[in-house]
Amino acid sequence: MIRHAATVCSLLLLLATAPAADAQWKAAPNKLMTRWAADVSPDRVHPEYPRPQMVRPVWLNLNGLWDYAVVPREAEQPDEFDGKILVPFPIESALSGVKQRVGEKNRLWYRRTVEVPAEWRKGRVLLHFGAVDWETTVWVNGKEVGKHRGGYDAFTLDVTGAMVDGAEQELVVAVWDPTDTGTQPRGKQVNEPRGIWYTPTTGIWQTVWLEPVPEASIGGLKIVPDVDHHRLNLTVIGRGNCETSTVRVVAREGTKMEVGATGKPDRPMRVPIEKAKLWSPDSPFLYDLEVELLVDGRVVDRVESYFGMRKISVGPDEKGVTRLLLNDRPLFQYGTLDQGFWPDGLYTAPTDEALRYDIEMTKKLGFNMIRKHVKVEPARWYTWCDRLGMLVWQDLPNGDKHAPWPHDGREIERSDESAVQYNHELRALVDTHQNYPSIVVWVPFNEAWGQFDTRGVTRMLKDWDPTRPICSASGGNDFGGGDIHDVHCYPGPLAPPAQAHRAAVLGEFGGLGLPIEGHTLRDKKNWGYRSFETAAELTDAYVELLAKLRPMVVSQLSAAIYTQTTDVEIEINGLMTYDRAIVKMDADRIAQAAAKLYQPRPPLDPQAQALVSTLAYWRFEDGQPGQQVSNVKAAPKTIGVRDISGQHNHLFAFDGRTLPRFGDGVPQKVVPLTGAANRGCLDDTAPGGSNAATRDLFTRPERHLTRSNLNTFQFTGLTIEASFKLAELDRDHCIVGKDGAAAKGPGPLIRLGVRGDDNRIEIEIVDYLGKVRKVASGAAAEKGRWYHVAAIADVRGLRLLVDSGDGQGYVLQGRDDFGHDPFAGRVPALLNATGTWTIGRGWRDGHIGDDARAWIDEVRISAVALPKEKLLFAPGE
């Protein structure tokens, strides 16, 4: 095929024009090197064709030895250079031969000459950079030919007009990189590496190459598989004057199938693909694609490409649980957090074989997905994922400041310059990587690093690429948008609740560490989330983690990402050592443990089914009847009432004065939905005759919020269930409330209870537009009678259902239609703000109030609008 021939051709051309192979070069001293470093030499450094999705047979690789100099940022081009650097390795790396920091006060200069064949002068000559970090200016023969800002996207300059007579041309490149003193996307690069933050990369770090093209040529391809309609949607982007040109494309399935189509440049074309072989991790089939540009019926340009027919989406499984779907079928995605760092090359892998090795080993160890973490790889890495069958979640590298920690729902505010640069690099990432079938999820923000305008960025990204799900905030401040709800938990595992419109994902967990002597950058003081002393202990702990993960996969979890593929610098959480020399666990055991995650899901038992969409479930069975609820004043971390949902949204009591107690009265001995025995309730009746308000139970706002914290959760659907029996009438009772400093105005964000003027049961919420919504029961509540109440909200509005124990079950009392669709507006959430949840008291006129005098039982908060038959006390079949 042409793309294989291109590599051979390029090598011959490279050997004829590269700087002398005997030029003095050696890798800089470094404590740790990979085995592939021995394969690197000035005359053979990343010789492979760098753009495998648009291959031409003639090109010139400019990797190799260049002159370099580091000078003050404001200085002019130096007359003399400091020495030789091996491109494309960053100057800070050992394989560059330099291993020198640059810093924001300096500028890095490169220089080399290149001999351009005379026949290339008949058309245009393009200079391509795979990636340069960060601000780049390029001169050819002393003439400035372009600038570029962005550390991760490829860019191309037409240098034809700067060429001089004769074969030899001078190429000069200047790069300035502020690293973490700037606001630009930079990933984990910092000037002072520590913990999870690593050595910076400055300058050229991917292949540089020249390419001749005709005056009218193919500038790019936009490839979109359409599995539903059995076709490939293709746009051929023209370069130069293509107004009179036509396009001819041929798609091939080996030698068995060949289909074609014709059209015009820059206009969508449809290529029929009947009975398509669908791409998947188990069967990564790729079709060959040939694209020709014709002028007056004559072929003037031709490129070879490929594509995979696959569909990635979010939808319900056979049980109605929202899942990530591949080709319309649920597929659990289990991946590694992959930093893409190398001890000898930093951002740049020593060889193409090294790039491939990481992917192959990840698959061998039982994973079908890689989350490329706040870094973007060279094009060939994604092609290897396409060919080997590895799903990819692609992060945009973070930049600017971090939002407050722990996460409290606040974003940072970027300057206009910072926001424009972020959006530019995000669009560039999509534009340059959208054709890879392996990429199935975009991740614009991680853990609130640089997180701003989350809803706007998510909408922009969805408009830019509507074909892939978006994880808008992996472990960060969640605003209810995107297609995925992603939480982080170390060591974990944890599964966020299922929602109607978003798949539940564990975006990071694990982080189990083991330093291997002789394979770390430091002999001591290495870092891991949790460290072990032997490979056997590490393997056992990992297998145990996956055993805990499996039930979550069965219930609602769509994906999980283990930290991480390899050790990185002083971080020793890797499956492999930093030099890729050792797999630190028993490879067979951990692969077998991972294989169990993909097995068919058995039916859930009723109690597990009841927790699939549950954010909090308080059963009030933590103590004996008459025993006071434990309080945090006596012991700061004492849980008052445990949340059994698995989301860790426990209730706490403030101090020991007039605390509520546990009671033995219950509305029913068995909860109908789950079949669970009901053994006790909360006695919030001020026992002993005290008139003082009983101390409320509340969710703590200061806990680690990268989980599904109830206080900050952005509801796109909501169900609040509670059972209660009043001890007094003619007073305001708040059974379940939500308040806190974030409450806007004197009223509560949520109040489910009984109003004192007429003793009617009422739900009151403040929607995201700030409007107070209320629904009340038709009849007054009675003293001494158990009520089962459900307040349900979704895009249609707010509803109140009450079961008064008269045999009719839950009866709709009323509704308040919103009259707007939160998902069509700016804020895809139902509630107005964040705040603390409470049991037994509310918020009124800007102060704590509405103290309940009641017995309270079986309070459940769900992240979806539940149907009546799935409520806790709905009659069984």
# chains A, B, ... in the order shown; residues from 1 in each chain; ligands from 1
$ select_by_dssp --residues "stretch 407-615 of chain A" --states "strand (DSSP E)" --output "number ranges by chain"
A: 439-443, 484-489, 503-510, 512-513, 530-531, 557-563, 614-615
$ closest_atom_pairs --of "stretch 529-602 of chain A" --to "stretch 460-476 of chain A" --cutoff "12 Å" --atoms "only C-alpha atoms" --output "JSON lines"
{"residue": "A:Ala559", "atom": "CA", "partner": "A:Cys471", "partner_atom": "CA", "distance": 11.6}
{"residue": "A:Ala560", "atom": "CA", "partner": "A:Ser474", "partner_atom": "CA", "distance": 11.5}
{"residue": "A:Ile561", "atom": "CA", "partner": "A:Ser474", "partner_atom": "CA", "distance": 10.9}
$ closest_atom_pairs --of "stretch 61-140 of chain A" --to "stretch 348-365 of chain A" --cutoff "12 Å" --atoms "only C-alpha atoms" --output "tab-separated table"
residue	atom	partner	partner_atom	distance
A:Leu86	CA	A:Pro350	CA	11.3
A:Val87	CA	A:Thr348	CA	10.0
A:Pro88	CA	A:Thr348	CA	7.4
A:Phe89	CA	A:Thr348	CA	5.9
A:Pro90	CA	A:Thr348	CA	7.3
A:Ile91	CA	A:Thr348	CA	10.8
A:Glu92	CA	A:Thr348	CA	10.9
A:Ser93	CA	A:Thr348	CA	8.7
A:Ala94	CA	A:Pro350	CA	10.3
A:Leu95	CA	A:Pro350	CA	7.6
A:Ser96	CA	A:Thr348	CA	10.0
A:Gly130	CA	A:Thr348	CA	11.2
A:Ala131	CA	A:Thr348	CA	10.4
A:Val132	CA	A:Thr348	CA	11.3
A:Asp133	CA	A:Thr348	CA	11.9
$ atom_distance --atom1 "atom CA of A:Asp696" --atom2 "atom CA of A:Phe620"
13.6 Å
$ residues_around --residues "A:His648" --least-positions-apart "5" --cutoff "8 Å" --atoms "only C-alpha atoms" --output "ChimeraX atom specification"
/A:616,642-643,709
$ write_last_selection --atoms "N, CA and C atoms" --output "CSV table (one decimal), in the first residue's frame"
chain,number,residue,atom,x,y,z
A,616,ALA,N,-28.4,9.0,48.4
A,616,ALA,CA,-28.3,8.9,49.8
A,616,ALA,C,-29.6,8.0,50.2
A,642,ARG,N,-25.8,6.5,59.1
A,642,ARG,CA,-25.0,6.1,58.0
A,642,ARG,C,-25.9,6.0,56.7
A,643,ASP,N,-25.2,6.5,55.6
A,643,ASP,CA,-25.9,6.4,54.3
A,643,ASP,C,-25.5,5.0,53.7
A,709,ASN,N,-21.1,13.9,45.9
A,709,ASN,CA,-21.6,14.5,47.1
A,709,ASN,C,-22.9,15.1,47.0
$ atom_distance --atom1 "atom CA of A:Ala608" --atom2 "atom CA of A:Ala495"
12.7 Å
$ residues_around --residues "A:Trp837" --least-positions-apart "6" --cutoff "12 Å" --atoms "only C-alpha atoms" --output "MDAnalysis selection string"
chainID A and resid 615:616 649:652 696:701 709:713 720 734:743 748:752 843 859 861
$ residues_around --residues "A:Ala167" --least-positions-apart "3" --cutoff "9 Å" --atoms "only C-alpha atoms" --output "PyMOL selection string"
chain A and resi 114-118+164
$ write_last_selection --atoms "all heavy atoms" --output "mmCIF file, in the first residue's frame"
data_model
loop_
_atom_site.group_PDB
_atom_site.id
_atom_site.type_symbol
_atom_site.label_atom_id
_atom_site.label_comp_id
_atom_site.auth_asym_id
_atom_site.auth_seq_id
_atom_site.Cartn_x
_atom_site.Cartn_y
_atom_site.Cartn_z
ATOM 1 N N VAL A 114 18.571 22.414 5.039
ATOM 2 C CA VAL A 114 17.972 21.250 4.405
ATOM 3 C C VAL A 114 18.053 21.417 2.898
ATOM 4 O O VAL A 114 17.900 22.527 2.377
ATOM 5 C CB VAL A 114 16.498 21.076 4.860
ATOM 6 C CG1 VAL A 114 15.676 22.315 4.571
ATOM 7 C CG2 VAL A 114 15.867 19.860 4.212
ATOM 8 N N GLU A 115 18.331 20.344 2.218
ATOM 9 C CA GLU A 115 18.373 20.361 0.753
ATOM 10 C C GLU A 115 17.028 19.908 0.206
ATOM 11 O O GLU A 115 16.582 18.786 0.465
ATOM 12 C CB GLU A 115 19.494 19.459 0.237
ATOM 13 C CG GLU A 115 20.885 19.972 0.585
ATOM 14 C CD GLU A 115 21.982 19.126 -0.037
ATOM 15 O OE1 GLU A 115 21.646 18.195 -0.806
ATOM 16 O OE2 GLU A 115 23.162 19.395 0.236
ATOM 17 N N VAL A 116 16.393 20.800 -0.540
ATOM 18 C CA VAL A 116 15.067 20.532 -1.095
ATOM 19 C C VAL A 116 15.231 20.172 -2.572
ATOM 20 O O VAL A 116 15.841 20.929 -3.342
ATOM 21 C CB VAL A 116 14.147 21.757 -0.941
ATOM 22 C CG1 VAL A 116 12.795 21.495 -1.593
ATOM 23 C CG2 VAL A 116 13.967 22.088 0.544
ATOM 24 N N PRO A 117 14.728 19.020 -3.002
ATOM 25 C CA PRO A 117 14.859 18.613 -4.405
ATOM 26 C C PRO A 117 14.279 19.651 -5.362
ATOM 27 O O PRO A 117 13.252 20.279 -5.073
ATOM 28 C CB PRO A 117 14.066 17.302 -4.458
ATOM 29 C CG PRO A 117 14.100 16.790 -3.049
ATOM 30 C CD PRO A 117 14.066 18.001 -2.183
ATOM 31 N N ALA A 118 14.929 19.821 -6.478
ATOM 32 C CA ALA A 118 14.523 20.844 -7.444
ATOM 33 C C ALA A 118 13.112 20.613 -7.954
ATOM 34 O O ALA A 118 12.360 21.571 -8.197
ATOM 35 C CB ALA A 118 15.519 20.876 -8.605
ATOM 36 N N VAL A 164 14.858 29.917 -1.605
ATOM 37 C CA VAL A 164 15.842 30.620 -2.420
ATOM 38 C C VAL A 164 16.363 29.677 -3.498
ATOM 39 O O VAL A 164 16.167 28.461 -3.437
ATOM 40 C CB VAL A 164 17.005 31.138 -1.546
ATOM 41 C CG1 VAL A 164 16.501 32.175 -0.553
ATOM 42 C CG2 VAL A 164 17.701 29.991 -0.834
#
$ atom_distance --atom1 "atom CA of A:Glu318" --atom2 "atom CA of A:Asp483"
18.8 Å
$ closest_residue --among "A:Leu391, A:Met309, A:Ile856, A:Val299" --to "A:Ala276" --atoms "only C-alpha atoms"
A:Met309
$ residues_around --residues "stretch 576-582 of chain A" --least-positions-apart "3" --cutoff "7 Å" --atoms "only C-alpha atoms" --output "VMD selection string"
chain A and resid 32 to 34 342 to 343 519 to 520 565 to 568
$ residues_around --residues "A:Tyr152" --least-positions-apart "4" --cutoff "10 Å" --atoms "only C-alpha atoms" --output "PyMOL selection string"
chain A and resi 130-134+185-186+205-206+375-378+396-397+425-426+428-429
$ select_by_dssp --residues "stretch 543-652 of chain A" --states "helix (DSSP H, G or I)" --output "list in words"
Val543, Glu544, Leu545, Leu546, Ala547, Lys548, Leu549, Arg550, Pro551, Met552, Val553, Val554, Ser555, Ala587, Asp588, Arg589, Ile590, Ala591, Gln592, Ala593, Ala594, Ala595, Lys596, Leu597, Tyr598, Pro606, Gln607, Ala608 and Gln609 of chain A
$ closest_residue --among "A:Val802, A:Val213, A:Val175, A:Ala154" --to "A:Ala379" --atoms "only C-alpha atoms"
A:Ala154
$ closest_residue --among "A:Arg502, A:Arg815, A:Arg112, A:Lys584" --to "A:Asn141" --atoms "only C-alpha atoms"
A:Arg112
